[in-house]
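Enquirer: Quick one: structure below, then a few questions.
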Amino acid sequence: MPYVTVEMLPGRTDEQKKALVEKVTEAVSETTGAPKEKIVVFIEELRPDHYGVGGKRLSDQ
């Protein structure tokens, strides 16, 4: 059973997240041959104050 975690900053709509889950599931199924009903997709939203690039938190930019 494949598990996929997508980490991203907040700001996407529920419709965008739904489409993301559908497309990731399709891609994993096509690539691995795993049945869609066995593929688990997690969406984790990262808070900008918990994420940094180039030594600075995104919330500080």
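Identifiers in the structure tokens: chain A, B, ... in order shown; residue index from 1 per chain; ligand index from 1 in order shown.
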Among chain A, which ones does DSSP place in strand (DSSP E or B), written as a PyMOL selection string?
Expert: chain A and resi 3-8+40-45+52-53+56-57
Enquirer: Show which residues sit within 8 Å of range 46-55 of chain A, as a PyMOL selection string. Count only C-alpha atoms, and ignore same-chain residues fewer than 3 positions away.
Expert: chain A and resi 7-10+58-60
Enquirer: Could you please take those selected residues and save C-alpha atoms as a compact mmCIF listing (two decimals), in the first residue's frame?
Expert:
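Output file again.txt follows:
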# COMPACT_ATOMS: atom_id res chain seq x y z
CA GLU A 7 3.87 19.09 2.22
CA MET A 8 2.91 22.61 1.16
CA LEU A 9 2.15 26.03 2.50
CA PRO A 10 -1.50 26.86 3.21
CA LEU A 58 8.83 32.56 5.33
CA SER A 59 6.74 34.43 7.87
CA ASP A 60 9.59 36.95 8.30
Enquirer: Using only C-alpha atoms, which protein or nucleic acid residues come within 7 Å of Ile39 in chain A? Drop anything in the same chain fewer than 6 positions from it, and give the result as a list in words.
Expert: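 Using only C-alpha atoms, the neighbours found are Met1, Pro2, Tyr3 and Thr25 of chain A.
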Enquirer: Would you save the residues of that selection, restricted to N, CA and C atoms, as a PDB file, in the first residue's frame?
Expert:
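This went into selection36.pdb:
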ATOM      1  N   MET A   1       0.848  -1.172   0.000  1.00  0.00           N
ATOM      2  CA  MET A   1       0.000   0.000   0.000  1.00  0.00           C
ATOM      3  C   MET A   1       0.893   1.234   0.000  1.00  0.00           C
ATOM      4  N   PRO A   2       0.931   2.003  -1.095  1.00  0.00           N
ATOM      5  CA  PRO A   2       1.742   3.219  -1.135  1.00  0.00           C
ATOM      6  C   PRO A   2       1.141   4.334  -0.280  1.00  0.00           C
ATOM      7  N   TYR A   3       2.046   5.017   0.432  1.00  0.00           N
ATOM      8  CA  TYR A   3       1.687   6.206   1.197  1.00  0.00           C
ATOM      9  C   TYR A   3       2.441   7.383   0.601  1.00  0.00           C
ATOM     10  N   THR A  25      -2.926  10.196  -6.809  1.00  0.00           N
ATOM     11  CA  THR A  25      -3.366   8.807  -6.772  1.00  0.00           C
ATOM     12  C   THR A  25      -3.255   8.172  -8.151  1.00  0.00           C
TER      13      THR A  25
END
Enquirer: Expressed in Å to a single decimal, how great is the separation between CA of Gln16 in chain A and CA of Glu30 in chain A?
Expert: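 These two atoms are separated by 21.0 Å.
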Enquirer: Sorted by chain and rising residue number, which residues of range 30-54 of chain A lie within 12 Å of range 12-15 of chain A, and what are their closest atom pairs and distances in Å to one decimal, counting only C-alpha atoms, as a Markdown table?
Expert:
| residue | atom | partner | partner_atom | distance |
| --- | --- | --- | --- | --- |
| A:Ile43 | CA | A:Arg12 | CA | 10.9 |
| A:Glu44 | CA | A:Arg12 | CA | 11.7 |
| A:Glu45 | CA | A:Arg12 | CA | 9.6 |
Enquirer: One number please: CA of Thr5 in chain A to CA of Gln61 in chain A, in Å, one decimal.
Expert: 26.1 Å
Enquirer: To one decimal in Å, tell me the separation between CA of Val6 in chain A and CA of Lys18 in chain A.
Expert: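 Separating CA of Val6 in chain A from CA of Lys18 in chain A is a distance of 12.6 Å.
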Enquirer: From a DSSP calculation on the backbone, collect every residue of chain A in helix (DSSP H, G or I) and output the set as a list in words.
Expert: Asp14, Glu15, Gln16, Lys17, Lys18, Ala19, Leu20, Val21, Glu22, Lys23, Val24, Thr25, Glu26, Ala27, Val28, Ser29, Glu30, Thr31, Thr32, Lys36, Glu37, Lys38, Pro48, Asp49, His50, Leu58, Ser59 and Asp60 of chain A
Enquirer: Store the residues picked out above in a file with N, CA and C atoms, as a PDB file, in the first residue's frame.
Expert:
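In the end it all went to part.pdb:
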ATOM      1  N   ASP A  14     -10.285  23.787  -1.111  1.00  0.00           N
ATOM      2  CA  ASP A  14     -10.654  22.379  -0.983  1.00  0.00           C
ATOM      3  C   ASP A  14     -10.713  21.714  -2.356  1.00  0.00           C
ATOM      4  N   GLU A  15     -11.166  22.433  -3.368  1.00  0.00           N
ATOM      5  CA  GLU A  15     -11.225  21.880  -4.720  1.00  0.00           C
ATOM      6  C   GLU A  15      -9.829  21.575  -5.248  1.00  0.00           C
ATOM      7  N   GLN A  16      -8.868  22.456  -4.978  1.00  0.00           N
ATOM      8  CA  GLN A  16      -7.492  22.215  -5.409  1.00  0.00           C
ATOM      9  C   GLN A  16      -6.905  20.997  -4.701  1.00  0.00           C
ATOM     10  N   LYS A  17      -7.181  20.866  -3.411  1.00  0.00           N
ATOM     11  CA  LYS A  17      -6.676  19.714  -2.656  1.00  0.00           C
ATOM     12  C   LYS A  17      -7.313  18.422  -3.152  1.00  0.00           C
ATOM     13  N   LYS A  18      -8.589  18.467  -3.469  1.00  0.00           N
ATOM     14  CA  LYS A  18      -9.279  17.294  -4.001  1.00  0.00           C
ATOM     15  C   LYS A  18      -8.644  16.871  -5.325  1.00  0.00           C
ATOM     16  N   ALA A  19      -8.401  17.833  -6.202  1.00  0.00           N
ATOM     17  CA  ALA A  19      -7.775  17.534  -7.497  1.00  0.00           C
ATOM     18  C   ALA A  19      -6.365  16.992  -7.307  1.00  0.00           C
ATOM     19  N   LEU A  20      -5.625  17.539  -6.347  1.00  0.00           N
ATOM     20  CA  LEU A  20      -4.269  17.069  -6.064  1.00  0.00           C
ATOM     21  C   LEU A  20      -4.281  15.605  -5.643  1.00  0.00           C
ATOM     22  N   VAL A  21      -5.177  15.262  -4.724  1.00  0.00           N
ATOM     23  CA  VAL A  21      -5.282  13.875  -4.258  1.00  0.00           C
ATOM     24  C   VAL A  21      -5.630  12.942  -5.422  1.00  0.00           C
ATOM     25  N   GLU A  22      -6.558  13.365  -6.261  1.00  0.00           N
ATOM     26  CA  GLU A  22      -6.953  12.531  -7.399  1.00  0.00           C
ATOM     27  C   GLU A  22      -5.791  12.317  -8.366  1.00  0.00           C
ATOM     28  N   LYS A  23      -5.068  13.374  -8.695  1.00  0.00           N
ATOM     29  CA  LYS A  23      -3.981  13.277  -9.674  1.00  0.00           C
ATOM     30  C   LYS A  23      -2.773  12.531  -9.116  1.00  0.00           C
ATOM     31  N   VAL A  24      -2.464  12.733  -7.836  1.00  0.00           N
ATOM     32  CA  VAL A  24      -1.359  11.993  -7.221  1.00  0.00           C
ATOM     33  C   VAL A  24      -1.710  10.510  -7.184  1.00  0.00           C
ATOM     34  N   THR A  25      -2.926  10.196  -6.809  1.00  0.00           N
ATOM     35  CA  THR A  25      -3.366   8.807  -6.772  1.00  0.00           C
ATOM     36  C   THR A  25      -3.255   8.172  -8.151  1.00  0.00           C
ATOM     37  N   GLU A  26      -3.697   8.877  -9.169  1.00  0.00           N
ATOM     38  CA  GLU A  26      -3.619   8.369 -10.540  1.00  0.00           C
ATOM     39  C   GLU A  26      -2.172   8.126 -10.948  1.00  0.00           C
ATOM     40  N   ALA A  27      -1.287   9.079 -10.659  1.00  0.00           N
ATOM     41  CA  ALA A  27       0.121   8.945 -11.040  1.00  0.00           C
ATOM     42  C   ALA A  27       0.789   7.771 -10.332  1.00  0.00           C
ATOM     43  N   VAL A  28       0.510   7.609  -9.043  1.00  0.00           N
ATOM     44  CA  VAL A  28       1.103   6.500  -8.290  1.00  0.00           C
ATOM     45  C   VAL A  28       0.577   5.171  -8.812  1.00  0.00           C
ATOM     46  N   SER A  29      -0.694   5.111  -9.101  1.00  0.00           N
ATOM     47  CA  SER A  29      -1.282   3.880  -9.616  1.00  0.00           C
ATOM     48  C   SER A  29      -0.674   3.512 -10.974  1.00  0.00           C
ATOM     49  N   GLU A  30      -0.561   4.491 -11.861  1.00  0.00           N
ATOM     50  CA  GLU A  30       0.010   4.231 -13.183  1.00  0.00           C
ATOM     51  C   GLU A  30       1.476   3.812 -13.085  1.00  0.00           C
ATOM     52  N   THR A  31       2.216   4.429 -12.189  1.00  0.00           N
ATOM     53  CA  THR A  31       3.650   4.182 -12.077  1.00  0.00           C
ATOM     54  C   THR A  31       3.973   2.867 -11.384  1.00  0.00           C
ATOM     55  N   THR A  32       3.224   2.551 -10.324  1.00  0.00           N
ATOM     56  CA  THR A  32       3.556   1.385  -9.508  1.00  0.00           C
ATOM     57  C   THR A  32       2.669   0.180  -9.771  1.00  0.00           C
ATOM     58  N   LYS A  36      -5.851   1.887  -7.024  1.00  0.00           N
ATOM     59  CA  LYS A  36      -6.157   3.214  -6.463  1.00  0.00           C
ATOM     60  C   LYS A  36      -6.719   3.135  -5.047  1.00  0.00           C
ATOM     61  N   GLU A  37      -7.508   2.123  -4.775  1.00  0.00           N
ATOM     62  CA  GLU A  37      -8.144   2.026  -3.448  1.00  0.00           C
ATOM     63  C   GLU A  37      -7.139   1.704  -2.341  1.00  0.00           C
ATOM     64  N   LYS A  38      -5.906   1.371  -2.700  1.00  0.00           N
ATOM     65  CA  LYS A  38      -4.872   1.068  -1.713  1.00  0.00           C
ATOM     66  C   LYS A  38      -3.881   2.215  -1.517  1.00  0.00           C
ATOM     67  N   PRO A  48       3.898  29.066   7.770  1.00  0.00           N
ATOM     68  CA  PRO A  48       5.036  29.863   7.317  1.00  0.00           C
ATOM     69  C   PRO A  48       6.070  30.143   8.410  1.00  0.00           C
ATOM     70  N   ASP A  49       5.653  30.132   9.673  1.00  0.00           N
ATOM     71  CA  ASP A  49       6.628  30.371  10.744  1.00  0.00           C
ATOM     72  C   ASP A  49       7.359  29.092  11.152  1.00  0.00           C
ATOM     73  N   HIS A  50       7.012  27.969  10.532  1.00  0.00           N
ATOM     74  CA  HIS A  50       7.690  26.692  10.780  1.00  0.00           C
ATOM     75  C   HIS A  50       8.511  26.259   9.572  1.00  0.00           C
ATOM     76  N   LEU A  58       9.687  31.934   6.333  1.00  0.00           N
ATOM     77  CA  LEU A  58       8.828  32.562   5.334  1.00  0.00           C
ATOM     78  C   LEU A  58       7.941  33.632   5.949  1.00  0.00           C
ATOM     79  N   SER A  59       7.583  33.459   7.206  1.00  0.00           N
ATOM     80  CA  SER A  59       6.735  34.432   7.874  1.00  0.00           C
ATOM     81  C   SER A  59       7.477  35.745   8.135  1.00  0.00           C
ATOM     82  N   ASP A  60       8.809  35.734   8.069  1.00  0.00           N
ATOM     83  CA  ASP A  60       9.590  36.946   8.302  1.00  0.00           C
ATOM     84  C   ASP A  60       9.925  37.696   7.013  1.00  0.00           C
TER      85      ASP A  60
END
